[in-house]
$ cat entry_21.cif   # mmCIF, C-alpha atoms
data_target
#
loop_
_atom_site.label_atom_id
_atom_site.label_comp_id
_atom_site.auth_asym_id
_atom_site.auth_seq_id
_atom_site.Cartn_x
_atom_site.Cartn_y
_atom_site.Cartn_z
CA MET D 525 104.09 96.60 136.38
CA GLY D 526 105.63 97.10 132.91
CA PRO D 527 104.78 95.42 129.60
CA GLU D 528 107.61 92.91 130.13
CA SER D 529 105.36 91.14 132.65
CA THR D 530 103.18 89.77 129.84
CA THR D 531 103.07 85.99 130.12
CA ALA D 532 104.70 83.89 127.42
CA ALA D 533 101.33 82.44 126.44
CA ALA D 534 99.66 85.81 126.01
CA ILE D 535 99.81 87.85 122.83
CA PRO D 536 100.62 91.50 123.64
CA PRO D 537 97.83 93.87 122.54
CA TRP D 538 100.49 96.14 121.00
CA ILE D 539 103.58 95.71 118.87
CA VAL D 540 105.05 99.13 119.70
CA ARG D 541 104.87 100.78 123.10
CA THR D 542 106.87 103.67 124.46
CA GLU D 543 106.66 105.28 127.89
CA LYS D 544 108.00 108.75 128.58
CA ILE D 545 110.71 108.58 125.93
CA GLN D 546 113.16 111.46 126.10
CA ARG D 547 116.02 112.15 123.69
CA VAL D 548 118.54 114.85 124.50
CA PHE D 549 121.43 115.71 122.20
CA ARG D 550 124.46 117.33 123.81
CA SER D 551 127.14 119.42 122.16
CA HIS D 552 129.74 120.80 124.54
CA ASP D 553 127.66 122.49 127.26
CA VAL D 554 124.49 122.83 125.17
CA ALA D 555 121.64 120.34 125.54
CA THR D 556 118.97 120.14 122.84
CA VAL D 557 115.78 118.30 123.77
CA ALA D 558 114.46 116.51 120.66
CA LEU D 559 111.92 114.42 122.56
CA ALA D 560 110.54 115.45 125.93
CA ASP D 561 107.80 112.86 126.51
CA ALA D 562 106.86 110.47 123.72
CA THR D 563 104.34 107.93 124.96
CA LEU D 564 102.38 105.82 122.50
CA ALA D 565 101.11 102.33 121.76
CA VAL D 566 100.44 100.68 118.41
CA LYS D 567 98.44 97.47 118.03
CA PRO D 568 99.50 94.71 115.62
CA GLY D 569 97.96 95.39 112.23
CA GLU D 570 97.41 99.11 112.83
CA MET D 571 98.38 101.73 110.28
CA ILE D 572 99.07 104.99 112.07
CA ALA D 573 100.33 108.42 111.04
CA ILE D 574 102.61 110.63 113.10
CA MET D 575 102.17 114.32 112.33
CA GLY D 576 103.72 117.50 113.67
CA PRO D 577 105.56 120.64 112.60
CA SER D 578 109.20 120.61 111.51
CA GLY D 579 111.47 120.16 114.50
CA SER D 580 108.75 118.58 116.63
CA GLY D 581 110.66 115.31 117.10
CA LYS D 582 109.01 113.11 114.46
CA SER D 583 112.22 111.87 112.83
CA THR D 584 113.91 111.36 116.20
CA LEU D 585 110.99 109.26 117.36
CA MET D 586 111.09 107.27 114.13
CA ALA D 587 114.80 106.56 114.60
CA ILE D 588 114.14 105.23 118.09
CA LEU D 589 111.19 103.09 116.95
CA GLY D 590 113.43 101.63 114.23
CA CYS D 591 116.25 100.89 116.70
CA LEU D 592 118.54 103.30 114.84
CA ASP D 593 118.94 105.44 117.96
CA ARG D 594 118.53 105.07 121.71
CA PRO D 595 116.43 107.25 124.02
CA THR D 596 118.17 109.22 126.74
CA SER D 597 115.52 107.99 129.16
CA GLY D 598 112.20 106.16 129.07
CA SER D 599 111.24 102.71 127.85
CA TYR D 600 110.51 101.13 124.48
CA TRP D 601 108.98 97.70 123.94
CA LEU D 602 108.93 96.13 120.47
CA ALA D 603 106.78 93.00 120.07
CA GLY D 604 106.83 92.56 123.84
CA ARG D 605 110.60 92.92 124.23
CA GLU D 606 112.26 95.80 126.04
CA VAL D 607 114.83 97.00 123.50
CA THR D 608 116.07 100.13 125.27
CA GLU D 609 119.03 98.44 126.94
CA LEU D 610 120.08 96.04 124.17
CA SER D 611 123.68 96.03 122.96
CA ASP D 612 124.52 97.49 119.57
CA ASP D 613 124.78 93.99 118.05
CA GLU D 614 121.43 93.00 119.53
CA LEU D 615 119.81 96.17 118.22
CA SER D 616 121.24 95.48 114.77
CA SER D 617 119.76 91.98 114.83
CA VAL D 618 116.33 93.28 115.90
CA ARG D 619 116.47 95.93 113.19
CA ASN D 620 117.33 93.41 110.48
CA ARG D 621 114.71 90.84 111.49
CA MET D 622 111.79 92.92 112.68
CA VAL D 623 111.80 96.37 111.08
CA GLY D 624 111.47 97.55 107.47
CA PHE D 625 112.29 101.14 106.51
CA VAL D 626 110.98 103.34 103.70
CA PHE D 627 112.50 106.82 103.37
CA GLN D 628 111.55 109.97 101.47
CA SER D 629 114.81 109.87 99.49
CA PHE D 630 114.53 106.14 98.62
CA ILE D 631 118.22 105.41 99.52
CA LEU D 632 118.81 102.82 96.79
CA LEU D 633 122.17 101.63 95.49
CA GLN D 634 122.57 103.54 92.24
CA ARG D 635 124.75 100.96 90.47
CA SER D 636 122.52 98.02 91.38
CA SER D 637 119.35 96.85 89.67
CA ALA D 638 115.94 96.91 91.33
CA LEU D 639 116.31 93.16 91.90
CA GLU D 640 119.74 93.53 93.51
CA ASN D 641 118.51 96.35 95.77
CA VAL D 642 115.70 94.15 97.10
CA GLU D 643 118.07 91.22 97.57
CA LEU D 644 120.49 93.22 99.73
CA PRO D 645 118.79 92.92 103.17
CA GLN D 646 118.54 89.18 102.62
CA VAL D 647 122.29 88.99 102.01
CA TYR D 648 122.87 90.37 105.52
CA ALA D 649 120.30 87.90 106.87
CA GLY D 650 122.23 84.97 105.39
CA ILE D 651 119.58 83.90 102.87
CA SER D 652 120.88 81.72 100.01
CA PRO D 653 121.36 83.42 96.61
CA LYS D 654 118.62 81.39 94.92
CA ALA D 655 116.07 81.96 97.68
CA ARG D 656 116.72 85.67 97.98
CA ARG D 657 116.50 86.18 94.22
CA GLU D 658 113.15 84.41 94.04
CA ARG D 659 111.80 86.39 96.98
CA ALA D 660 113.02 89.66 95.46
CA LYS D 661 111.23 88.82 92.19
CA THR D 662 108.03 88.02 94.08
CA LEU D 663 108.17 91.24 96.12
CA LEU D 664 108.85 93.43 93.10
CA GLY D 665 105.96 91.76 91.30
CA SER D 666 103.70 92.48 94.27
CA VAL D 667 104.37 96.23 93.94
CA GLY D 668 103.86 96.24 90.18
CA LEU D 669 107.50 96.14 89.08
CA GLY D 670 107.82 92.60 87.79
CA HIS D 671 108.74 94.06 84.41
CA ARG D 672 111.50 96.32 85.80
CA LEU D 673 113.71 93.82 87.63
CA GLY D 674 116.91 94.69 85.79
CA HIS D 675 116.47 98.47 85.74
CA ARG D 676 118.77 100.68 87.79
CA PRO D 677 117.50 103.64 89.83
CA ASN D 678 118.39 106.19 87.13
CA GLU D 679 116.06 104.32 84.77
CA LEU D 680 113.05 104.47 87.10
CA SER D 681 110.51 107.17 87.94
CA GLY D 682 110.07 108.53 91.47
CA GLY D 683 107.04 106.35 92.08
CA GLU D 684 108.89 103.29 90.82
CA LEU D 685 111.87 104.08 93.04
CA GLN D 686 109.60 104.15 96.06
CA ARG D 687 108.04 100.84 95.02
CA VAL D 688 111.52 99.30 94.95
CA ALA D 689 112.16 100.77 98.40
CA ILE D 690 108.92 99.23 99.71
CA ALA D 691 109.82 95.83 98.26
CA ARG D 692 113.27 96.08 99.86
CA ALA D 693 111.70 96.98 103.22
CA LEU D 694 109.64 93.77 103.06
CA ALA D 695 112.58 91.55 102.11
CA ASN D 696 113.07 90.00 105.55
CA ASP D 697 109.35 89.82 106.39
CA PRO D 698 109.42 92.49 109.13
CA LYS D 699 106.84 92.83 111.89
CA LEU D 700 106.89 96.63 111.66
CA LEU D 701 107.10 98.91 108.61
CA LEU D 702 108.33 102.47 109.25
CA ALA D 703 107.88 105.10 106.53
CA ASP D 704 109.40 108.58 106.89
CA GLU D 705 107.64 111.03 104.52
CA PRO D 706 107.23 108.27 101.89
CA THR D 707 105.38 110.55 99.45
CA GLY D 708 107.48 113.67 100.08
CA ASN D 709 109.41 113.46 96.80
CA LEU D 710 106.47 112.34 94.66
CA ASP D 711 103.73 114.06 92.69
CA ARG D 712 100.19 113.67 94.02
CA LYS D 713 99.23 110.81 91.67
CA SER D 714 102.34 108.80 92.51
CA GLY D 715 101.84 109.55 96.20
CA ILE D 716 98.30 108.19 96.11
CA GLU D 717 99.54 105.04 94.38
CA ILE D 718 102.21 104.54 97.05
CA MET D 719 99.68 104.98 99.85
CA ASP D 720 97.43 102.47 98.09
CA ILE D 721 100.29 99.97 98.32
CA PHE D 722 100.79 100.69 102.03
CA ARG D 723 97.09 100.21 102.69
CA ARG D 724 96.97 96.98 100.68
CA LEU D 725 99.93 95.60 102.64
CA ASN D 726 98.17 96.58 105.83
CA LEU D 727 94.85 94.96 104.89
CA GLU D 728 96.08 91.85 103.08
CA ARG D 729 99.13 91.02 105.19
CA GLY D 730 98.16 92.58 108.49
CA MET D 731 101.34 94.68 108.28
CA THR D 732 101.79 97.12 111.17
CA GLU D 733 102.80 100.49 109.71
CA VAL D 734 103.91 103.82 111.16
CA VAL D 735 103.97 106.69 108.66
CA VAL D 736 105.58 110.05 109.45
CA THR D 737 104.05 112.74 107.26
CA HIS D 738 103.31 116.45 106.88
CA ASN D 739 100.55 115.61 104.41
CA ALA D 740 97.01 115.59 105.81
CA GLU D 741 95.79 113.59 102.80
CA VAL D 742 98.34 110.87 103.56
CA ALA D 743 97.44 110.89 107.27
CA ALA D 744 93.77 110.50 106.39
CA ARG D 745 94.56 107.14 104.79
CA CYS D 746 95.68 105.79 108.17
CA ASP D 747 93.66 104.34 111.05
CA ARG D 748 94.84 106.90 113.60
CA VAL D 749 96.87 110.08 113.78
CA ILE D 750 99.33 110.68 116.60
CA VAL D 751 100.25 114.35 116.94
CA ILE D 752 103.69 115.28 118.24
CA GLN D 753 104.63 118.84 119.16
CA ASP D 754 107.63 120.17 121.07
CA GLY D 755 108.79 116.60 121.56
CA ARG D 756 105.55 115.48 123.21
CA THR D 757 102.83 113.19 121.92
CA ARG D 758 100.06 115.58 122.91
CA SER D 759 97.01 113.92 121.37
CA GLU D 760 95.70 111.07 119.30
CA ALA D 761 92.91 111.71 116.80
CA GLU D 762 90.88 109.32 114.71
CA ALA D 763 91.60 109.67 111.00
CA VAL D 764 88.94 109.41 108.36
CA ASP D 765 89.65 106.73 105.74
CA ALA D 766 90.12 108.26 102.31
#

$ encode --input "entry_21.cif" --output "structure tokens"
Amino acid sequence: MGPESTTAAAIPPWIVRTEKIQRVFRSHDVATVALADATLAVKPGEMIAIMGPSGSGKSTLMAILGCLDRPTSGSYWLAGREVTELSDDELSSVRNRMVGFVFQSFILLQRSSALENVELPQVYAGISPKARRERAKTLLGSVGLGHRLGHRPNELSGGELQRVAIARALANDPKLLLADEPTGNLDRKSGIEIMDIFRRLNLERGMTEVVVTHNAEVAARCDRVIVIQDGRTRSEAEAVDA
């Protein structure tokens, strides 16, 4: 019996669970298998790393976990809900309410201030201007940017840009934080500082985090490492806290 059988009174022992996820991309008569069998489970409050060589399926898996893409086959439960068959509008709602994203390239609005960038997800969530501005200020302060509220991206360092991106990802109080190579564009010192923020969020807020990385030092900061190769989650290894 699948995870959807969990009773309403019970708290699922996982927030993310996939079973035999496959993702096949088709172009004309050519089929490319990006994921062949991705099966994993993440408990609430866990901070896990996903590692694997380029082309192994890490980013495809991340897109599915973030409800940005759909699997070709297999099942995906997020916070106890089967999301595989949801409509596009339903997926968009789940994404906005439950998932925060942090990307390697930051993806900030270049003409908007740090404060305005963090406010943006709350605009789509229908939060009032006053409430979203106060929350954005609080979040930027929590990542050490309370003094940079009015600065635009071209006035910020790489580490500061990623801090803005983290604050933005937290804007709607998500259940799951997904980070795709969050230190990939940073020097080592800035990367360590960013991972310190992720770990603090995990410990102080109980934030569930999934971090895709090539960096063994980053992976070592996580609770567990899930290895993916040739589209398959082939092993899970305990990581050593740094």

$ resolve_selection --input "entry_21.cif" --expression "the PyMOL selection byres ((chain D and resi 707) around 12)" --output "JSON, numbers by chain"
{"D": [626, 627, 628, 629, 630, 682, 683, 684, 685, 686, 687, 689, 690, 703, 704, 705, 706, 708, 709, 710, 711, 712, 713, 714, 715, 716, 717, 718, 719, 720, 721, 722, 735, 736, 737, 738, 739, 740, 741, 742, 743]}

$ write_last_selection --input "entry_21.cif" --atoms "C-alpha atoms" --output "PDB file, in the coordinates of the input"
ATOM      1  CA  VAL D 626     110.980 103.340 103.700  1.00  0.00           C
ATOM      2  CA  PHE D 627     112.500 106.820 103.370  1.00  0.00           C
ATOM      3  CA  GLN D 628     111.550 109.970 101.470  1.00  0.00           C
ATOM      4  CA  SER D 629     114.810 109.870  99.490  1.00  0.00           C
ATOM      5  CA  PHE D 630     114.530 106.140  98.620  1.00  0.00           C
ATOM      6  CA  GLY D 682     110.070 108.530  91.470  1.00  0.00           C
ATOM      7  CA  GLY D 683     107.040 106.350  92.080  1.00  0.00           C
ATOM      8  CA  GLU D 684     108.890 103.290  90.820  1.00  0.00           C
ATOM      9  CA  LEU D 685     111.870 104.080  93.040  1.00  0.00           C
ATOM     10  CA  GLN D 686     109.600 104.150  96.060  1.00  0.00           C
ATOM     11  CA  ARG D 687     108.040 100.840  95.020  1.00  0.00           C
ATOM     12  CA  ALA D 689     112.160 100.770  98.400  1.00  0.00           C
ATOM     13  CA  ILE D 690     108.920  99.230  99.710  1.00  0.00           C
ATOM     14  CA  ALA D 703     107.880 105.100 106.530  1.00  0.00           C
ATOM     15  CA  ASP D 704     109.400 108.580 106.890  1.00  0.00           C
ATOM     16  CA  GLU D 705     107.640 111.030 104.520  1.00  0.00           C
ATOM     17  CA  PRO D 706     107.230 108.270 101.890  1.00  0.00           C
ATOM     18  CA  GLY D 708     107.480 113.670 100.080  1.00  0.00           C
ATOM     19  CA  ASN D 709     109.410 113.460  96.800  1.00  0.00           C
ATOM     20  CA  LEU D 710     106.470 112.340  94.660  1.00  0.00           C
ATOM     21  CA  ASP D 711     103.730 114.060  92.690  1.00  0.00           C
ATOM     22  CA  ARG D 712     100.190 113.670  94.020  1.00  0.00           C
ATOM     23  CA  LYS D 713      99.230 110.810  91.670  1.00  0.00           C
ATOM     24  CA  SER D 714     102.340 108.800  92.510  1.00  0.00           C
ATOM     25  CA  GLY D 715     101.840 109.550  96.200  1.00  0.00           C
ATOM     26  CA  ILE D 716      98.300 108.190  96.110  1.00  0.00           C
ATOM     27  CA  GLU D 717      99.540 105.040  94.380  1.00  0.00           C
ATOM     28  CA  ILE D 718     102.210 104.540  97.050  1.00  0.00           C
ATOM     29  CA  MET D 719      99.680 104.980  99.850  1.00  0.00           C
ATOM     30  CA  ASP D 720      97.430 102.470  98.090  1.00  0.00           C
ATOM     31  CA  ILE D 721     100.290  99.970  98.320  1.00  0.00           C
ATOM     32  CA  PHE D 722     100.790 100.690 102.030  1.00  0.00           C
ATOM     33  CA  VAL D 735     103.970 106.690 108.660  1.00  0.00           C
ATOM     34  CA  VAL D 736     105.580 110.050 109.450  1.00  0.00           C
ATOM     35  CA  THR D 737     104.050 112.740 107.260  1.00  0.00           C
ATOM     36  CA  HIS D 738     103.310 116.450 106.880  1.00  0.00           C
ATOM     37  CA  ASN D 739     100.550 115.610 104.410  1.00  0.00           C
ATOM     38  CA  ALA D 740      97.010 115.590 105.810  1.00  0.00           C
ATOM     39  CA  GLU D 741      95.790 113.590 102.800  1.00  0.00           C
ATOM     40  CA  VAL D 742      98.340 110.870 103.560  1.00  0.00           C
ATOM     41  CA  ALA D 743      97.440 110.890 107.270  1.00  0.00           C
TER      42      ALA D 743
END

$ closest_residue --input "entry_21.cif" --among "D:Arg692, D:Arg756, D:Arg748, D:Arg659" --to "D:Ala558" --atoms "all atoms listed in the file"
D:Arg756

$ resolve_selection --input "entry_21.cif" --expression "the PyMOL selection byres ((chain D and resi 725) around 12)" --output "VMD selection string"
chain D and resid 569 to 571 663 666 to 667 690 to 691 693 to 694 697 to 701 718 to 724 726 to 733

$ resolve_selection --input "entry_21.cif" --expression "the PyMOL selection byres ((chain D and resi 601) around 9)" --output "PyMOL selection string"
chain D and resi 527-528+539-543+599-600+602-608

$ write_last_selection --input "entry_21.cif" --atoms "C-alpha atoms" --output "JSON list (two decimals), in the frame of the given file"
[["chain", "number", "residue", "atom", "x", "y", "z"],
["D", 527, "PRO", "CA", 104.78, 95.42, 129.60],
["D", 528, "GLU", "CA", 107.61, 92.91, 130.13],
["D", 539, "ILE", "CA", 103.58, 95.71, 118.87],
["D", 540, "VAL", "CA", 105.05, 99.13, 119.70],
["D", 541, "ARG", "CA", 104.87, 100.78, 123.10],
["D", 542, "THR", "CA", 106.87, 103.67, 124.46],
["D", 543, "GLU", "CA", 106.66, 105.28, 127.89],
["D", 599, "SER", "CA", 111.24, 102.71, 127.85],
["D", 600, "TYR", "CA", 110.51, 101.13, 124.48],
["D", 602, "LEU", "CA", 108.93, 96.13, 120.47],
["D", 603, "ALA", "CA", 106.78, 93.00, 120.07],
["D", 604, "GLY", "CA", 106.83, 92.56, 123.84],
["D", 605, "ARG", "CA", 110.60, 92.92, 124.23],
["D", 606, "GLU", "CA", 112.26, 95.80, 126.04],
["D", 607, "VAL", "CA", 114.83, 97.00, 123.50],
["D", 608, "THR", "CA", 116.07, 100.13, 125.27]]

$ atom_distance --input "entry_21.cif" --atom1 "atom CA of D:Leu633" --atom2 "atom CA of D:Ile588"
24.3 Å

$ atom_distance --input "entry_21.cif" --atom1 "atom CA of D:Ala660" --atom2 "atom CA of D:Val642"
5.5 Å

$ axis_aligned_box --input "entry_21.cif" --around "stretch 731-747 of chain D" --padding-each-side "5 Å" --output "lines of an AutoDock Vina configuration file"
center_x = 99.6
center_y = 105.6
center_z = 107.0
size_x = 21.9
size_y = 31.8
size_z = 18.4

$ residues_around --input "entry_21.cif" --residues "stretch 546-551 of chain D" --least-positions-apart "6" --cutoff "9 Å" --atoms "all atoms listed in the file" --output "list in words"
Val557, Ala558, Leu559, Ala560, Asp561, Ala562, Thr584, Leu585, Arg594, Pro595, Thr596, Ser597, Gly598 and Gly755 of chain D

$ write_last_selection --input "entry_21.cif" --atoms "C-alpha atoms" --output "tab-separated table (two decimals), in the frame of the given file"
chain	number	residue	atom	x	y	z
D	557	VAL	CA	115.78	118.30	123.77
D	558	ALA	CA	114.46	116.51	120.66
D	559	LEU	CA	111.92	114.42	122.56
D	560	ALA	CA	110.54	115.45	125.93
D	561	ASP	CA	107.80	112.86	126.51
D	562	ALA	CA	106.86	110.47	123.72
D	584	THR	CA	113.91	111.36	116.20
D	585	LEU	CA	110.99	109.26	117.36
D	594	ARG	CA	118.53	105.07	121.71
D	595	PRO	CA	116.43	107.25	124.02
D	596	THR	CA	118.17	109.22	126.74
D	597	SER	CA	115.52	107.99	129.16
D	598	GLY	CA	112.20	106.16	129.07
D	755	GLY	CA	108.79	116.60	121.56

$ atom_distance --input "entry_21.cif" --atom1 "atom CA of D:Arg672" --atom2 "atom CA of D:Leu644"
16.9 Å

$ closest_residue --input "entry_21.cif" --among "D:Val618, D:Leu589, D:Ile752, D:Val734" --to "D:Ala573" --atoms "only C-alpha atoms"
D:Val734

$ closest_residue --input "entry_21.cif" --among "D:Leu673, D:Leu615, D:Met575, D:Val566" --to "D:Val751" --atoms "all atoms listed in the file"
D:Met575

$ residues_around --input "entry_21.cif" --residues "D:Gln646" --least-positions-apart "5" --cutoff "7 Å" --atoms "all atoms listed in the file" --output "list of chain:residue names"
D:Ile651, D:Arg656, D:Ala695, D:Asn696

$ decode --input "entry_21.cif" --residues "stretch 632-657 of chain D" --atoms "N, CA and C atoms" --output "PDB file, in the first residue's frame"
ATOM      1  N   LEU D 632      18.141  36.685  -9.820  1.00  0.00           N
ATOM      2  CA  LEU D 632      17.498  37.839  -9.208  1.00  0.00           C
ATOM      3  C   LEU D 632      17.104  38.848 -10.281  1.00  0.00           C
ATOM      4  N   LEU D 633      16.104  39.655  -9.977  1.00  0.00           N
ATOM      5  CA  LEU D 633      15.707  40.729 -10.886  1.00  0.00           C
ATOM      6  C   LEU D 633      16.732  41.852 -10.785  1.00  0.00           C
ATOM      7  N   GLN D 634      17.394  42.148 -11.900  1.00  0.00           N
ATOM      8  CA  GLN D 634      18.538  43.056 -11.871  1.00  0.00           C
ATOM      9  C   GLN D 634      18.144  44.508 -11.583  1.00  0.00           C
ATOM     10  N   ARG D 635      16.950  44.910 -11.929  1.00  0.00           N
ATOM     11  CA  ARG D 635      16.535  46.292 -11.712  1.00  0.00           C
ATOM     12  C   ARG D 635      15.821  46.501 -10.391  1.00  0.00           C
ATOM     13  N   SER D 636      15.702  45.438  -9.608  1.00  0.00           N
ATOM     14  CA  SER D 636      15.003  45.521  -8.321  1.00  0.00           C
ATOM     15  C   SER D 636      16.000  45.437  -7.176  1.00  0.00           C
ATOM     16  N   SER D 637      15.657  46.068  -6.063  1.00  0.00           N
ATOM     17  CA  SER D 637      16.511  46.026  -4.884  1.00  0.00           C
ATOM     18  C   SER D 637      16.451  44.656  -4.231  1.00  0.00           C
ATOM     19  N   ALA D 638      17.362  44.423  -3.294  1.00  0.00           N
ATOM     20  CA  ALA D 638      17.330  43.175  -2.527  1.00  0.00           C
ATOM     21  C   ALA D 638      15.965  43.008  -1.863  1.00  0.00           C
ATOM     22  N   LEU D 639      15.453  44.083  -1.276  1.00  0.00           N
ATOM     23  CA  LEU D 639      14.156  44.033  -0.604  1.00  0.00           C
ATOM     24  C   LEU D 639      13.044  43.656  -1.584  1.00  0.00           C
ATOM     25  N   GLU D 640      13.035  44.262  -2.751  1.00  0.00           N
ATOM     26  CA  GLU D 640      11.995  43.982  -3.736  1.00  0.00           C
ATOM     27  C   GLU D 640      12.097  42.557  -4.262  1.00  0.00           C
ATOM     28  N   ASN D 641      13.309  42.032  -4.413  1.00  0.00           N
ATOM     29  CA  ASN D 641      13.478  40.645  -4.855  1.00  0.00           C
ATOM     30  C   ASN D 641      12.890  39.667  -3.847  1.00  0.00           C
ATOM     31  N   VAL D 642      13.062  39.942  -2.566  1.00  0.00           N
ATOM     32  CA  VAL D 642      12.543  39.047  -1.526  1.00  0.00           C
ATOM     33  C   VAL D 642      11.027  39.191  -1.386  1.00  0.00           C
ATOM     34  N   GLU D 643      10.520  40.362  -1.703  1.00  0.00           N
ATOM     35  CA  GLU D 643       9.069  40.573  -1.645  1.00  0.00           C
ATOM     36  C   GLU D 643       8.330  39.811  -2.750  1.00  0.00           C
ATOM     37  N   LEU D 644       8.977  39.585  -3.883  1.00  0.00           N
ATOM     38  CA  LEU D 644       8.283  39.111  -5.079  1.00  0.00           C
ATOM     39  C   LEU D 644       7.449  37.839  -4.871  1.00  0.00           C
ATOM     40  N   PRO D 645       7.977  36.757  -4.263  1.00  0.00           N
ATOM     41  CA  PRO D 645       7.135  35.571  -4.101  1.00  0.00           C
ATOM     42  C   PRO D 645       5.887  35.841  -3.270  1.00  0.00           C
ATOM     43  N   GLN D 646       5.979  36.797  -2.354  1.00  0.00           N
ATOM     44  CA  GLN D 646       4.824  37.125  -1.527  1.00  0.00           C
ATOM     45  C   GLN D 646       3.768  37.879  -2.320  1.00  0.00           C
ATOM     46  N   VAL D 647       4.185  38.608  -3.347  1.00  0.00           N
ATOM     47  CA  VAL D 647       3.223  39.272  -4.223  1.00  0.00           C
ATOM     48  C   VAL D 647       2.321  38.226  -4.865  1.00  0.00           C
ATOM     49  N   TYR D 648       2.959  37.148  -5.404  1.00  0.00           N
ATOM     50  CA  TYR D 648       2.182  36.091  -6.054  1.00  0.00           C
ATOM     51  C   TYR D 648       1.308  35.330  -5.058  1.00  0.00           C
ATOM     52  N   ALA D 649       1.711  35.346  -3.782  1.00  0.00           N
ATOM     53  CA  ALA D 649       0.932  34.657  -2.756  1.00  0.00           C
ATOM     54  C   ALA D 649      -0.190  35.526  -2.195  1.00  0.00           C
ATOM     55  N   GLY D 650      -0.271  36.783  -2.669  1.00  0.00           N
ATOM     56  CA  GLY D 650      -1.356  37.661  -2.238  1.00  0.00           C
ATOM     57  C   GLY D 650      -1.149  38.321  -0.889  1.00  0.00           C
ATOM     58  N   ILE D 651       0.098  38.407  -0.425  1.00  0.00           N
ATOM     59  CA  ILE D 651       0.387  39.038   0.859  1.00  0.00           C
ATOM     60  C   ILE D 651       0.307  40.562   0.695  1.00  0.00           C
ATOM     61  N   SER D 652      -0.203  41.246   1.700  1.00  0.00           N
ATOM     62  CA  SER D 652      -0.357  42.699   1.622  1.00  0.00           C
ATOM     63  C   SER D 652       1.002  43.375   1.524  1.00  0.00           C
ATOM     64  N   PRO D 653       1.069  44.551   0.879  1.00  0.00           N
ATOM     65  CA  PRO D 653       2.355  45.252   0.727  1.00  0.00           C
ATOM     66  C   PRO D 653       3.087  45.486   2.047  1.00  0.00           C
ATOM     67  N   LYS D 654       2.377  45.917   3.067  1.00  0.00           N
ATOM     68  CA  LYS D 654       3.025  46.192   4.350  1.00  0.00           C
ATOM     69  C   LYS D 654       3.594  44.928   4.962  1.00  0.00           C
ATOM     70  N   ALA D 655       2.817  43.849   4.951  1.00  0.00           N
ATOM     71  CA  ALA D 655       3.255  42.595   5.564  1.00  0.00           C
ATOM     72  C   ALA D 655       4.439  41.992   4.812  1.00  0.00           C
ATOM     73  N   ARG D 656       4.385  42.043   3.493  1.00  0.00           N
ATOM     74  CA  ARG D 656       5.479  41.425   2.741  1.00  0.00           C
ATOM     75  C   ARG D 656       6.766  42.232   2.868  1.00  0.00           C
ATOM     76  N   ARG D 657       6.646  43.560   3.003  1.00  0.00           N
ATOM     77  CA  ARG D 657       7.851  44.374   3.168  1.00  0.00           C
ATOM     78  C   ARG D 657       8.504  44.096   4.516  1.00  0.00           C
TER      79      ARG D 657
END
